[in-house]
$ cat target-v1.cif   # mmCIF, N, CA and C atoms
data_my_file
loop_
_atom_site.group_PDB
_atom_site.id
_atom_site.type_symbol
_atom_site.label_atom_id
_atom_site.label_comp_id
_atom_site.auth_asym_id
_atom_site.auth_seq_id
_atom_site.Cartn_x
_atom_site.Cartn_y
_atom_site.Cartn_z
ATOM 1 N N MET A 63 0.490 11.427 -3.007
ATOM 2 C CA MET A 63 -0.467 10.483 -3.543
ATOM 3 C C MET A 63 -1.568 10.301 -2.495
ATOM 4 N N SER A 64 -2.807 10.397 -2.921
ATOM 5 C CA SER A 64 -3.918 10.215 -1.981
ATOM 6 C C SER A 64 -4.082 8.733 -1.660
ATOM 7 N N ALA A 65 -4.845 8.442 -0.624
ATOM 8 C CA ALA A 65 -5.096 7.041 -0.251
ATOM 9 C C ALA A 65 -5.774 6.299 -1.403
ATOM 10 N N LYS A 66 -6.699 6.963 -2.066
ATOM 11 C CA LYS A 66 -7.403 6.334 -3.200
ATOM 12 C C LYS A 66 -6.427 6.013 -4.328
ATOM 13 N N GLU A 67 -5.548 6.965 -4.652
ATOM 14 C CA GLU A 67 -4.555 6.741 -5.702
ATOM 15 C C GLU A 67 -3.584 5.625 -5.314
ATOM 16 N N TYR A 68 -3.223 5.581 -4.030
ATOM 17 C CA TYR A 68 -2.298 4.560 -3.540
ATOM 18 C C TYR A 68 -2.928 3.173 -3.644
ATOM 19 N N LYS A 69 -4.220 3.069 -3.320
ATOM 20 C CA LYS A 69 -4.926 1.793 -3.444
ATOM 21 C C LYS A 69 -4.964 1.346 -4.899
ATOM 22 N N GLU A 70 -5.204 2.278 -5.808
ATOM 23 C CA GLU A 70 -5.216 1.941 -7.232
ATOM 24 C C GLU A 70 -3.825 1.488 -7.677
ATOM 25 N N PHE A 71 -2.786 2.171 -7.218
ATOM 26 C CA PHE A 71 -1.408 1.828 -7.540
ATOM 27 C C PHE A 71 -1.093 0.394 -7.120
ATOM 28 N N LYS A 72 -1.620 -0.015 -5.972
ATOM 29 C CA LYS A 72 -1.372 -1.359 -5.455
ATOM 30 C C LYS A 72 -2.367 -2.390 -5.988
ATOM 31 N N GLY A 73 -3.336 -1.947 -6.786
ATOM 32 C CA GLY A 73 -4.314 -2.871 -7.363
ATOM 33 C C GLY A 73 -5.329 -3.382 -6.364
ATOM 34 N N LEU A 74 -5.651 -2.571 -5.350
ATOM 35 C CA LEU A 74 -6.594 -2.996 -4.319
ATOM 36 C C LEU A 74 -8.009 -2.601 -4.710
ATOM 37 N N LYS A 75 -8.957 -3.444 -4.370
ATOM 38 C CA LYS A 75 -10.356 -3.208 -4.697
ATOM 39 C C LYS A 75 -11.186 -3.027 -3.436
ATOM 40 N N GLY A 76 -12.259 -2.280 -3.552
ATOM 41 C CA GLY A 76 -13.235 -2.152 -2.478
ATOM 42 C C GLY A 76 -12.665 -1.659 -1.175
ATOM 43 N N LYS A 77 -12.973 -2.394 -0.112
ATOM 44 C CA LYS A 77 -12.604 -1.972 1.234
ATOM 45 C C LYS A 77 -11.311 -2.606 1.729
ATOM 46 N N ALA A 78 -10.459 -3.004 0.808
ATOM 47 C CA ALA A 78 -9.176 -3.600 1.200
ATOM 48 C C ALA A 78 -8.396 -2.598 2.058
ATOM 49 N N ASN A 79 -7.811 -3.093 3.127
ATOM 50 C CA ASN A 79 -7.068 -2.245 4.051
ATOM 51 C C ASN A 79 -5.702 -1.920 3.456
ATOM 52 N N LEU A 80 -5.474 -0.644 3.228
ATOM 53 C CA LEU A 80 -4.226 -0.206 2.613
ATOM 54 C C LEU A 80 -3.018 -0.567 3.470
ATOM 55 N N ARG A 81 -3.111 -0.342 4.763
ATOM 56 C CA ARG A 81 -1.978 -0.614 5.659
ATOM 57 C C ARG A 81 -1.583 -2.090 5.638
ATOM 58 N N ASP A 82 -2.553 -2.979 5.526
ATOM 59 C CA ASP A 82 -2.255 -4.409 5.465
ATOM 60 C C ASP A 82 -1.545 -4.795 4.170
ATOM 61 N N ASN A 83 -1.533 -3.895 3.213
ATOM 62 C CA ASN A 83 -0.944 -4.173 1.914
ATOM 63 C C ASN A 83 0.310 -3.363 1.646
ATOM 64 N N MET A 84 0.916 -2.836 2.699
ATOM 65 C CA MET A 84 2.151 -2.071 2.565
ATOM 66 C C MET A 84 3.348 -2.939 2.917
ATOM 67 N N THR A 85 4.483 -2.589 2.317
ATOM 68 C CA THR A 85 5.735 -3.246 2.703
ATOM 69 C C THR A 85 6.152 -2.700 4.074
ATOM 70 N N ALA A 86 7.132 -3.319 4.666
ATOM 71 C CA ALA A 86 7.618 -2.852 5.974
ATOM 72 C C ALA A 86 8.128 -1.415 5.881
ATOM 73 N N THR A 87 8.795 -1.079 4.795
ATOM 74 C CA THR A 87 9.316 0.279 4.626
ATOM 75 C C THR A 87 8.183 1.283 4.487
ATOM 76 N N GLU A 88 7.176 0.944 3.703
ATOM 77 C CA GLU A 88 6.023 1.836 3.542
ATOM 78 C C GLU A 88 5.327 2.053 4.881
ATOM 79 N N ASN A 89 5.170 0.977 5.650
ATOM 80 C CA ASN A 89 4.556 1.097 6.981
ATOM 81 C C ASN A 89 5.399 1.980 7.898
ATOM 82 N N ALA A 90 6.709 1.817 7.856
ATOM 83 C CA ALA A 90 7.588 2.618 8.710
ATOM 84 C C ALA A 90 7.484 4.096 8.365
ATOM 85 N N LEU A 91 7.462 4.419 7.090
ATOM 86 C CA LEU A 91 7.344 5.816 6.683
ATOM 87 C C LEU A 91 5.992 6.404 7.079
ATOM 88 N N THR A 92 4.951 5.599 6.991
ATOM 89 C CA THR A 92 3.626 6.045 7.430
ATOM 90 C C THR A 92 3.652 6.368 8.920
ATOM 91 N N ARG A 93 4.267 5.486 9.698
ATOM 92 C CA ARG A 93 4.359 5.706 11.143
ATOM 93 C C ARG A 93 5.177 6.957 11.470
ATOM 94 N N ILE A 94 6.253 7.204 10.722
ATOM 95 C CA ILE A 94 7.047 8.416 10.947
ATOM 96 C C ILE A 94 6.161 9.646 10.792
ATOM 97 N N GLY A 95 5.353 9.677 9.739
ATOM 98 C CA GLY A 95 4.446 10.801 9.521
ATOM 99 C C GLY A 95 3.440 10.950 10.645
ATOM 100 N N GLU A 96 2.882 9.830 11.102
ATOM 101 C CA GLU A 96 1.903 9.874 12.185
ATOM 102 C C GLU A 96 2.540 10.352 13.493
ATOM 103 N N ILE A 97 3.698 9.831 13.804
ATOM 104 C CA ILE A 97 4.374 10.205 15.049
ATOM 105 C C ILE A 97 4.798 11.666 15.006
ATOM 106 N N ALA A 98 5.350 12.099 13.869
ATOM 107 C CA ALA A 98 5.757 13.499 13.741
ATOM 108 C C ALA A 98 4.546 14.416 13.909
ATOM 109 N N THR A 99 3.433 14.058 13.301
ATOM 110 C CA THR A 99 2.212 14.867 13.414
ATOM 111 C C THR A 99 1.741 14.936 14.863
ATOM 112 N N ARG A 100 1.738 13.794 15.537
ATOM 113 C CA ARG A 100 1.304 13.768 16.935
ATOM 114 C C ARG A 100 2.211 14.625 17.813
ATOM 115 N N GLU A 101 3.514 14.495 17.621
ATOM 116 C CA GLU A 101 4.464 15.264 18.428
ATOM 117 C C GLU A 101 4.329 16.770 18.181
ATOM 118 N N ILE A 102 4.208 17.163 16.919
ATOM 119 C CA ILE A 102 4.033 18.583 16.600
ATOM 120 C C ILE A 102 2.728 19.091 17.202
ATOM 121 N N SER A 103 1.684 18.288 17.106
ATOM 122 C CA SER A 103 0.379 18.683 17.647
ATOM 123 C C SER A 103 0.434 18.852 19.164
ATOM 124 N N GLN A 104 1.097 17.928 19.845
ATOM 125 C CA GLN A 104 1.218 18.043 21.297
ATOM 126 C C GLN A 104 2.051 19.261 21.684
ATOM 127 N N ASN A 105 3.020 19.590 20.874
ATOM 128 C CA ASN A 105 3.883 20.731 21.143
ATOM 129 C C ASN A 105 3.161 22.061 20.921
ATOM 130 N N GLU A 106 2.322 22.124 19.873
ATOM 131 C CA GLU A 106 1.690 23.383 19.490
ATOM 132 C C GLU A 106 0.236 23.512 19.920
ATOM 133 N N ASN A 107 -0.408 22.395 20.232
ATOM 134 C CA ASN A 107 -1.796 22.381 20.681
ATOM 135 C C ASN A 107 -2.714 23.218 19.765
ATOM 136 N N PRO A 108 -2.897 22.789 18.514
ATOM 137 C CA PRO A 108 -3.710 23.564 17.577
ATOM 138 C C PRO A 108 -5.157 23.687 18.058
ATOM 139 N N LYS A 109 -5.752 24.833 17.796
ATOM 140 C CA LYS A 109 -7.124 25.105 18.262
ATOM 141 C C LYS A 109 -8.158 25.035 17.142
ATOM 142 N N THR A 110 -7.733 25.271 15.920
ATOM 143 C CA THR A 110 -8.688 25.301 14.811
ATOM 144 C C THR A 110 -8.380 24.190 13.819
ATOM 145 N N PHE A 111 -9.338 23.965 12.935
ATOM 146 C CA PHE A 111 -9.141 22.975 11.885
ATOM 147 C C PHE A 111 -7.947 23.348 11.013
ATOM 148 N N GLU A 112 -7.848 24.600 10.651
ATOM 149 C CA GLU A 112 -6.745 25.053 9.802
ATOM 150 C C GLU A 112 -5.390 24.846 10.479
ATOM 151 N N GLN A 113 -5.331 25.100 11.779
ATOM 152 C CA GLN A 113 -4.080 24.862 12.510
ATOM 153 C C GLN A 113 -3.757 23.367 12.530
ATOM 154 N N SER A 114 -4.773 22.542 12.733
ATOM 155 C CA SER A 114 -4.574 21.088 12.725
ATOM 156 C C SER A 114 -4.137 20.602 11.353
ATOM 157 N N ARG A 115 -4.719 21.170 10.311
ATOM 158 C CA ARG A 115 -4.332 20.801 8.951
ATOM 159 C C ARG A 115 -2.865 21.150 8.707
ATOM 160 N N SER A 116 -2.457 22.307 9.169
ATOM 161 C CA SER A 116 -1.066 22.728 9.017
ATOM 162 C C SER A 116 -0.126 21.764 9.737
ATOM 163 N N VAL A 117 -0.497 21.362 10.935
ATOM 164 C CA VAL A 117 0.308 20.403 11.712
ATOM 165 C C VAL A 117 0.403 19.083 10.947
ATOM 166 N N ALA A 118 -0.719 18.609 10.416
ATOM 167 C CA ALA A 118 -0.731 17.341 9.685
ATOM 168 C C ALA A 118 0.145 17.412 8.440
ATOM 169 N N ARG A 119 0.076 18.506 7.732
ATOM 170 C CA ARG A 119 0.911 18.670 6.532
ATOM 171 C C ARG A 119 2.399 18.691 6.902
ATOM 172 N N ARG A 120 2.727 19.348 7.990
ATOM 173 C CA ARG A 120 4.124 19.397 8.417
ATOM 174 C C ARG A 120 4.609 18.024 8.864
ATOM 175 N N GLY A 121 3.764 17.287 9.576
ATOM 176 C CA GLY A 121 4.128 15.923 9.977
ATOM 177 C C GLY A 121 4.339 15.036 8.760
ATOM 178 N N GLY A 122 3.466 15.186 7.772
ATOM 179 C CA GLY A 122 3.637 14.447 6.522
ATOM 180 C C GLY A 122 4.911 14.848 5.803
ATOM 181 N N GLY A 123 5.277 16.116 5.938
ATOM 182 C CA GLY A 123 6.521 16.600 5.332
ATOM 183 C C GLY A 123 7.749 15.934 5.927
ATOM 184 N N VAL A 124 7.684 15.641 7.212
ATOM 185 C CA VAL A 124 8.792 14.933 7.870
ATOM 186 C C VAL A 124 8.946 13.543 7.238
ATOM 187 N N ALA A 125 7.826 12.851 7.051
ATOM 188 C CA ALA A 125 7.866 11.524 6.432
ATOM 189 C C ALA A 125 8.348 11.617 4.986
ATOM 190 N N ARG A 126 7.901 12.645 4.283
ATOM 191 C CA ARG A 126 8.322 12.832 2.886
ATOM 192 C C ARG A 126 9.842 13.054 2.810
ATOM 193 N N ALA A 127 10.370 13.856 3.718
ATOM 194 C CA ALA A 127 11.815 14.102 3.737
ATOM 195 C C ALA A 127 12.575 12.805 4.015
ATOM 196 N N ALA A 128 12.051 11.981 4.940
ATOM 197 C CA ALA A 128 12.690 10.697 5.255
ATOM 198 C C ALA A 128 12.653 9.779 4.035
ATOM 199 N N ARG A 129 11.511 9.740 3.359
ATOM 200 C CA ARG A 129 11.386 8.915 2.154
ATOM 201 C C ARG A 129 12.355 9.391 1.075
ATOM 202 N N ASP A 130 12.387 10.688 0.825
ATOM 203 C CA ASP A 130 13.267 11.232 -0.207
ATOM 204 C C ASP A 130 14.728 10.903 0.076
ATOM 205 N N GLU A 131 15.140 11.045 1.331
ATOM 206 C CA GLU A 131 16.528 10.752 1.690
ATOM 207 C C GLU A 131 16.835 9.264 1.538
ATOM 208 N N LEU A 132 15.923 8.400 1.971
ATOM 209 C CA LEU A 132 16.132 6.959 1.829
ATOM 210 C C LEU A 132 16.232 6.581 0.354
ATOM 211 N N GLU A 133 15.349 7.122 -0.462
ATOM 212 C CA GLU A 133 15.398 6.824 -1.896
ATOM 213 C C GLU A 133 16.684 7.342 -2.528
ATOM 214 N N ARG A 134 17.154 8.497 -2.077
ATOM 215 C CA ARG A 134 18.415 9.035 -2.581
ATOM 216 C C ARG A 134 19.563 8.096 -2.226
ATOM 217 N N GLN A 135 19.567 7.598 -1.000
ATOM 218 C CA GLN A 135 20.624 6.692 -0.557
ATOM 219 C C GLN A 135 20.580 5.349 -1.299
ATOM 220 N N LEU A 136 19.367 4.853 -1.558
ATOM 221 C CA LEU A 136 19.205 3.557 -2.218
ATOM 222 C C LEU A 136 19.316 3.634 -3.739
ATOM 223 N N GLY A 137 18.998 4.801 -4.267
ATOM 224 C CA GLY A 137 18.993 4.949 -5.716
ATOM 225 C C GLY A 137 17.785 4.319 -6.375
ATOM 226 N N ARG A 138 16.722 4.133 -5.603
ATOM 227 C CA ARG A 138 15.487 3.548 -6.144
ATOM 228 C C ARG A 138 14.299 3.972 -5.289
ATOM 229 N N SER A 139 13.117 3.767 -5.819
ATOM 230 C CA SER A 139 11.899 4.090 -5.077
ATOM 231 C C SER A 139 11.651 3.054 -3.981
ATOM 232 N N VAL A 140 11.110 3.495 -2.866
ATOM 233 C CA VAL A 140 10.739 2.562 -1.804
ATOM 234 C C VAL A 140 9.240 2.278 -1.824
ATOM 235 N N ILE A 141 8.521 2.923 -2.731
ATOM 236 C CA ILE A 141 7.096 2.681 -2.869
ATOM 237 C C ILE A 141 6.906 1.537 -3.846
ATOM 238 N N SER A 142 6.158 0.536 -3.423
ATOM 239 C CA SER A 142 6.037 -0.698 -4.189
ATOM 240 C C SER A 142 4.587 -0.970 -4.583
ATOM 241 N N PRO A 143 4.370 -1.475 -5.802
ATOM 242 C CA PRO A 143 3.015 -1.879 -6.181
ATOM 243 C C PRO A 143 2.600 -3.206 -5.553
ATOM 244 N N GLN A 144 3.526 -3.838 -4.826
ATOM 245 C CA GLN A 144 3.184 -5.118 -4.192
ATOM 246 C C GLN A 144 2.071 -4.926 -3.173
ATOM 247 N N ASN A 145 1.190 -5.929 -3.096
ATOM 248 C CA ASN A 145 0.138 -5.931 -2.090
ATOM 249 C C ASN A 145 0.279 -7.210 -1.261
ATOM 250 N N ALA A 146 -0.615 -7.416 -0.313
ATOM 251 C CA ALA A 146 -0.491 -8.557 0.602
ATOM 252 C C ALA A 146 -0.434 -9.880 -0.150
ATOM 253 N N LYS A 147 -1.243 -10.014 -1.186
ATOM 254 C CA LYS A 147 -1.266 -11.262 -1.948
ATOM 255 C C LYS A 147 0.082 -11.523 -2.615
ATOM 256 N N SER A 148 0.643 -10.515 -3.255
ATOM 257 C CA SER A 148 1.928 -10.710 -3.928
ATOM 258 C C SER A 148 3.070 -10.844 -2.917
ATOM 259 N N LEU A 149 2.971 -10.159 -1.778
ATOM 260 C CA LEU A 149 3.996 -10.293 -0.746
ATOM 261 C C LEU A 149 3.993 -11.702 -0.156
ATOM 262 N N ARG A 150 2.792 -12.271 0.073
ATOM 263 C CA ARG A 150 2.702 -13.648 0.578
ATOM 264 C C ARG A 150 3.251 -14.631 -0.440
ATOM 265 N N ALA A 151 2.938 -14.430 -1.712
ATOM 266 C CA ALA A 151 3.417 -15.337 -2.764
ATOM 267 C C ALA A 151 4.937 -15.320 -2.830
ATOM 268 N N ALA A 152 5.530 -14.152 -2.682
ATOM 269 C CA ALA A 152 6.985 -14.033 -2.725
ATOM 270 C C ALA A 152 7.634 -14.774 -1.558
ATOM 271 N N LYS A 153 6.980 -14.780 -0.400
ATOM 272 C CA LYS A 153 7.541 -15.465 0.772
ATOM 273 C C LYS A 153 7.470 -16.978 0.625
ATOM 274 N N THR A 154 6.462 -17.491 -0.091
ATOM 275 C CA THR A 154 6.291 -18.937 -0.189
ATOM 276 C C THR A 154 7.060 -19.542 -1.349
ATOM 277 N N GLN A 155 7.620 -18.715 -2.231
ATOM 278 C CA GLN A 155 8.417 -19.213 -3.352
ATOM 279 C C GLN A 155 9.761 -19.699 -2.822
ATOM 280 N N PRO A 156 10.161 -20.899 -3.202
ATOM 281 C CA PRO A 156 11.480 -21.364 -2.758
ATOM 282 C C PRO A 156 12.575 -20.514 -3.394
ATOM 283 N N GLU A 157 13.630 -20.298 -2.639
ATOM 284 C CA GLU A 157 14.752 -19.512 -3.148
ATOM 285 C C GLU A 157 15.490 -20.319 -4.207
ATOM 286 N N GLU A 158 15.918 -19.634 -5.244
ATOM 287 C CA GLU A 158 16.712 -20.289 -6.258
ATOM 288 C C GLU A 158 18.130 -20.451 -5.733
ATOM 289 N N ILE A 159 18.698 -21.613 -5.973
ATOM 290 C CA ILE A 159 20.045 -21.873 -5.500
ATOM 291 C C ILE A 159 20.978 -21.813 -6.710
ATOM 292 N N ASP A 160 21.989 -21.007 -6.583
ATOM 293 C CA ASP A 160 22.981 -20.870 -7.636
ATOM 294 C C ASP A 160 23.973 -22.010 -7.475
ATOM 295 N N GLU A 161 23.896 -22.986 -8.375
ATOM 296 C CA GLU A 161 24.732 -24.178 -8.298
ATOM 297 C C GLU A 161 26.217 -23.846 -8.427
ATOM 298 N N THR A 162 26.542 -22.730 -9.063
ATOM 299 C CA THR A 162 27.951 -22.382 -9.280
ATOM 300 C C THR A 162 28.612 -21.899 -7.999
ATOM 301 N N GLN A 163 27.829 -21.580 -6.964
ATOM 302 C CA GLN A 163 28.396 -21.025 -5.745
ATOM 303 C C GLN A 163 28.510 -22.060 -4.635
ATOM 304 N N LYS A 164 28.343 -23.315 -4.976
ATOM 305 C CA LYS A 164 28.483 -24.378 -3.959
ATOM 306 C C LYS A 164 29.913 -24.744 -3.757
#
$ encode --input "target-v1.cif" --output "structure tokens"
Amino acid sequence: MSAKEYKEFKGLKGKANLRDNMTATENALTRIGEIATREISQNENPKTFEQSRSVARRGGGVARAARDELERQLGRSVISPQNAKSLRAAKTQPEEIDETQK
């Protein structure tokens, strides 16, 4: 999914910062891709744009594999349409108390 498609998925408009609107899991997976790309790049020292593109795709593949495995383990998607506004609203909602469990 491209950044533009991801912003649309989350209902973000204009110059809203995508990273500020990710869940902790989404942020962690993004960081895995960035770190993997940096490490591969430092290891291989690409000289051309095409070599750099290949490194970036491989680093992204590491994050994709991590996401796929996590989703397999959880049995659900870890990508959420929630954005910062909905995440804040969820935090401020009081928890429902199940009276039967007192």
$ residues_around --input "target-v1.cif" --residues "stretch 63-66 of chain A" --least-positions-apart "3" --cutoff "12 Å" --atoms "only C-alpha atoms" --output "VMD selection string"
chain A and resid 69 to 81 84 92 122 126 141
$ atom_distance --input "target-v1.cif" --atom1 "atom CA of A:Ala152" --atom2 "atom CA of A:Arg93"
24.3 Å
$ select_by_dssp --input "target-v1.cif" --residues "chain A" --states "helix (DSSP H, G or I)" --output "ChimeraX atom specification"
/A:65-71,81-83,86-106,111-136,146-154,161-163
$ closest_residue --input "target-v1.cif" --among "A:Ala125, A:Glu112, A:Arg120, A:Ser103" --to "A:Ala90" --atoms "all atoms listed in the file"
A:Ala125
$ residues_around --input "target-v1.cif" --residues "A:Ala118" --least-positions-apart "2" --cutoff "8 Å" --atoms "only N, CA and C atoms" --output "CSV table (one decimal) with N, CA and C atoms, in the coordinates of the input"
chain,number,residue,atom,x,y,z
A,95,GLY,N,5.4,9.7,9.7
A,95,GLY,CA,4.4,10.8,9.5
A,95,GLY,C,3.4,11.0,10.6
A,98,ALA,N,5.4,12.1,13.9
A,98,ALA,CA,5.8,13.5,13.7
A,98,ALA,C,4.5,14.4,13.9
A,99,THR,N,3.4,14.1,13.3
A,99,THR,CA,2.2,14.9,13.4
A,99,THR,C,1.7,14.9,14.9
A,100,ARG,N,1.7,13.8,15.5
A,100,ARG,CA,1.3,13.8,16.9
A,100,ARG,C,2.2,14.6,17.8
A,102,ILE,N,4.2,17.2,16.9
A,102,ILE,CA,4.0,18.6,16.6
A,102,ILE,C,2.7,19.1,17.2
A,103,SER,N,1.7,18.3,17.1
A,103,SER,CA,0.4,18.7,17.6
A,103,SER,C,0.4,18.9,19.2
A,112,GLU,N,-7.8,24.6,10.7
A,112,GLU,CA,-6.7,25.1,9.8
A,112,GLU,C,-5.4,24.8,10.5
A,113,GLN,N,-5.3,25.1,11.8
A,113,GLN,CA,-4.1,24.9,12.5
A,113,GLN,C,-3.8,23.4,12.5
A,114,SER,N,-4.8,22.5,12.7
A,114,SER,CA,-4.6,21.1,12.7
A,114,SER,C,-4.1,20.6,11.4
A,115,ARG,N,-4.7,21.2,10.3
A,115,ARG,CA,-4.3,20.8,9.0
A,115,ARG,C,-2.9,21.2,8.7
A,116,SER,N,-2.5,22.3,9.2
A,116,SER,CA,-1.1,22.7,9.0
A,116,SER,C,-0.1,21.8,9.7
A,120,ARG,N,2.7,19.3,8.0
A,120,ARG,CA,4.1,19.4,8.4
A,120,ARG,C,4.6,18.0,8.9
A,121,GLY,N,3.8,17.3,9.6
A,121,GLY,CA,4.1,15.9,10.0
A,121,GLY,C,4.3,15.0,8.8
A,122,GLY,N,3.5,15.2,7.8
A,122,GLY,CA,3.6,14.4,6.5
A,122,GLY,C,4.9,14.8,5.8
A,123,GLY,N,5.3,16.1,5.9
A,123,GLY,CA,6.5,16.6,5.3
A,123,GLY,C,7.7,15.9,5.9
A,124,VAL,N,7.7,15.6,7.2
A,124,VAL,CA,8.8,14.9,7.9
A,124,VAL,C,8.9,13.5,7.2
$ residues_near_point --input "target-v1.cif" --point "(2.2, -0.7, 0.5)" --cutoff "6.5 Å" --atoms "only N, CA and C atoms" --output "MDAnalysis selection string"
chainID A and resid 80 83:85 88:89 142 144:145
$ atom_distance --input "target-v1.cif" --atom1 "atom C of A:Leu136" --atom2 "atom C of A:Ile94"
20.5 Å
$ atom_distance --input "target-v1.cif" --atom1 "atom C of A:Glu106" --atom2 "atom N of A:Leu132"
28.2 Å
$ decode --input "target-v1.cif" --residues "stretch 95-148 of chain A" --atoms "C-alpha atoms" --output "tab-separated table (two decimals), in the first residue's frame"
chain	number	residue	atom	x	y	z
A	95	GLY	CA	11.55	-1.82	7.63
A	96	GLU	CA	13.63	1.32	8.12
A	97	ILE	CA	16.21	-0.39	10.31
A	98	ALA	CA	16.46	-3.41	8.00
A	99	THR	CA	16.96	-1.09	5.01
A	100	ARG	CA	19.65	0.90	6.82
A	101	GLU	CA	21.50	-2.23	7.92
A	102	ILE	CA	21.39	-3.80	4.45
A	103	SER	CA	22.54	-0.52	2.93
A	104	GLN	CA	25.47	-0.22	5.33
A	105	ASN	CA	26.41	-3.82	4.62
A	106	GLU	CA	26.24	-3.53	0.81
A	107	ASN	CA	27.02	0.17	0.26
A	108	PRO	CA	24.88	0.63	-2.88
A	109	LYS	CA	26.35	2.95	-5.52
A	110	THR	CA	23.44	3.53	-7.88
A	111	PHE	CA	19.81	4.46	-7.56
A	112	GLU	CA	18.77	1.01	-8.75
A	113	GLN	CA	20.97	-0.66	-6.13
A	114	SER	CA	19.48	1.61	-3.45
A	115	ARG	CA	15.98	0.81	-4.65
A	116	SER	CA	16.74	-2.90	-4.40
A	117	VAL	CA	18.03	-2.44	-0.84
A	118	ALA	CA	14.89	-0.48	0.11
A	119	ARG	CA	12.60	-3.13	-1.34
A	120	ARG	CA	14.45	-5.87	0.54
A	121	GLY	CA	14.28	-3.90	3.80
A	122	GLY	CA	10.56	-3.45	3.24
A	123	GLY	CA	10.32	-7.18	2.61
A	124	VAL	CA	11.72	-7.83	6.08
A	125	ALA	CA	8.95	-5.69	7.58
A	126	ARG	CA	6.36	-7.40	5.38
A	127	ALA	CA	7.52	-10.83	6.57
A	128	ALA	CA	7.29	-9.66	10.20
A	129	ARG	CA	3.79	-8.29	9.61
A	130	ASP	CA	2.64	-11.47	7.86
A	131	GLU	CA	3.95	-13.66	10.68
A	132	LEU	CA	2.39	-11.48	13.39
A	133	GLU	CA	-0.96	-11.52	11.59
A	134	ARG	CA	-0.72	-15.29	11.19
A	135	GLN	CA	-0.08	-15.67	14.92
A	136	LEU	CA	-2.90	-13.28	15.88
A	137	GLY	CA	-5.38	-14.44	13.29
A	138	ARG	CA	-6.22	-10.85	12.36
A	139	SER	CA	-4.85	-7.83	10.55
A	140	VAL	CA	-2.57	-5.47	12.44
A	141	ILE	CA	-3.29	-2.61	10.04
A	142	SER	CA	-5.93	-0.35	11.51
A	143	PRO	CA	-8.09	2.42	10.03
A	144	GLN	CA	-7.79	4.21	13.37
A	145	ASN	CA	-6.13	7.61	13.28
A	146	ALA	CA	-4.88	9.93	16.04
A	147	LYS	CA	-8.34	11.39	16.63
A	148	SER	CA	-10.01	8.01	17.05
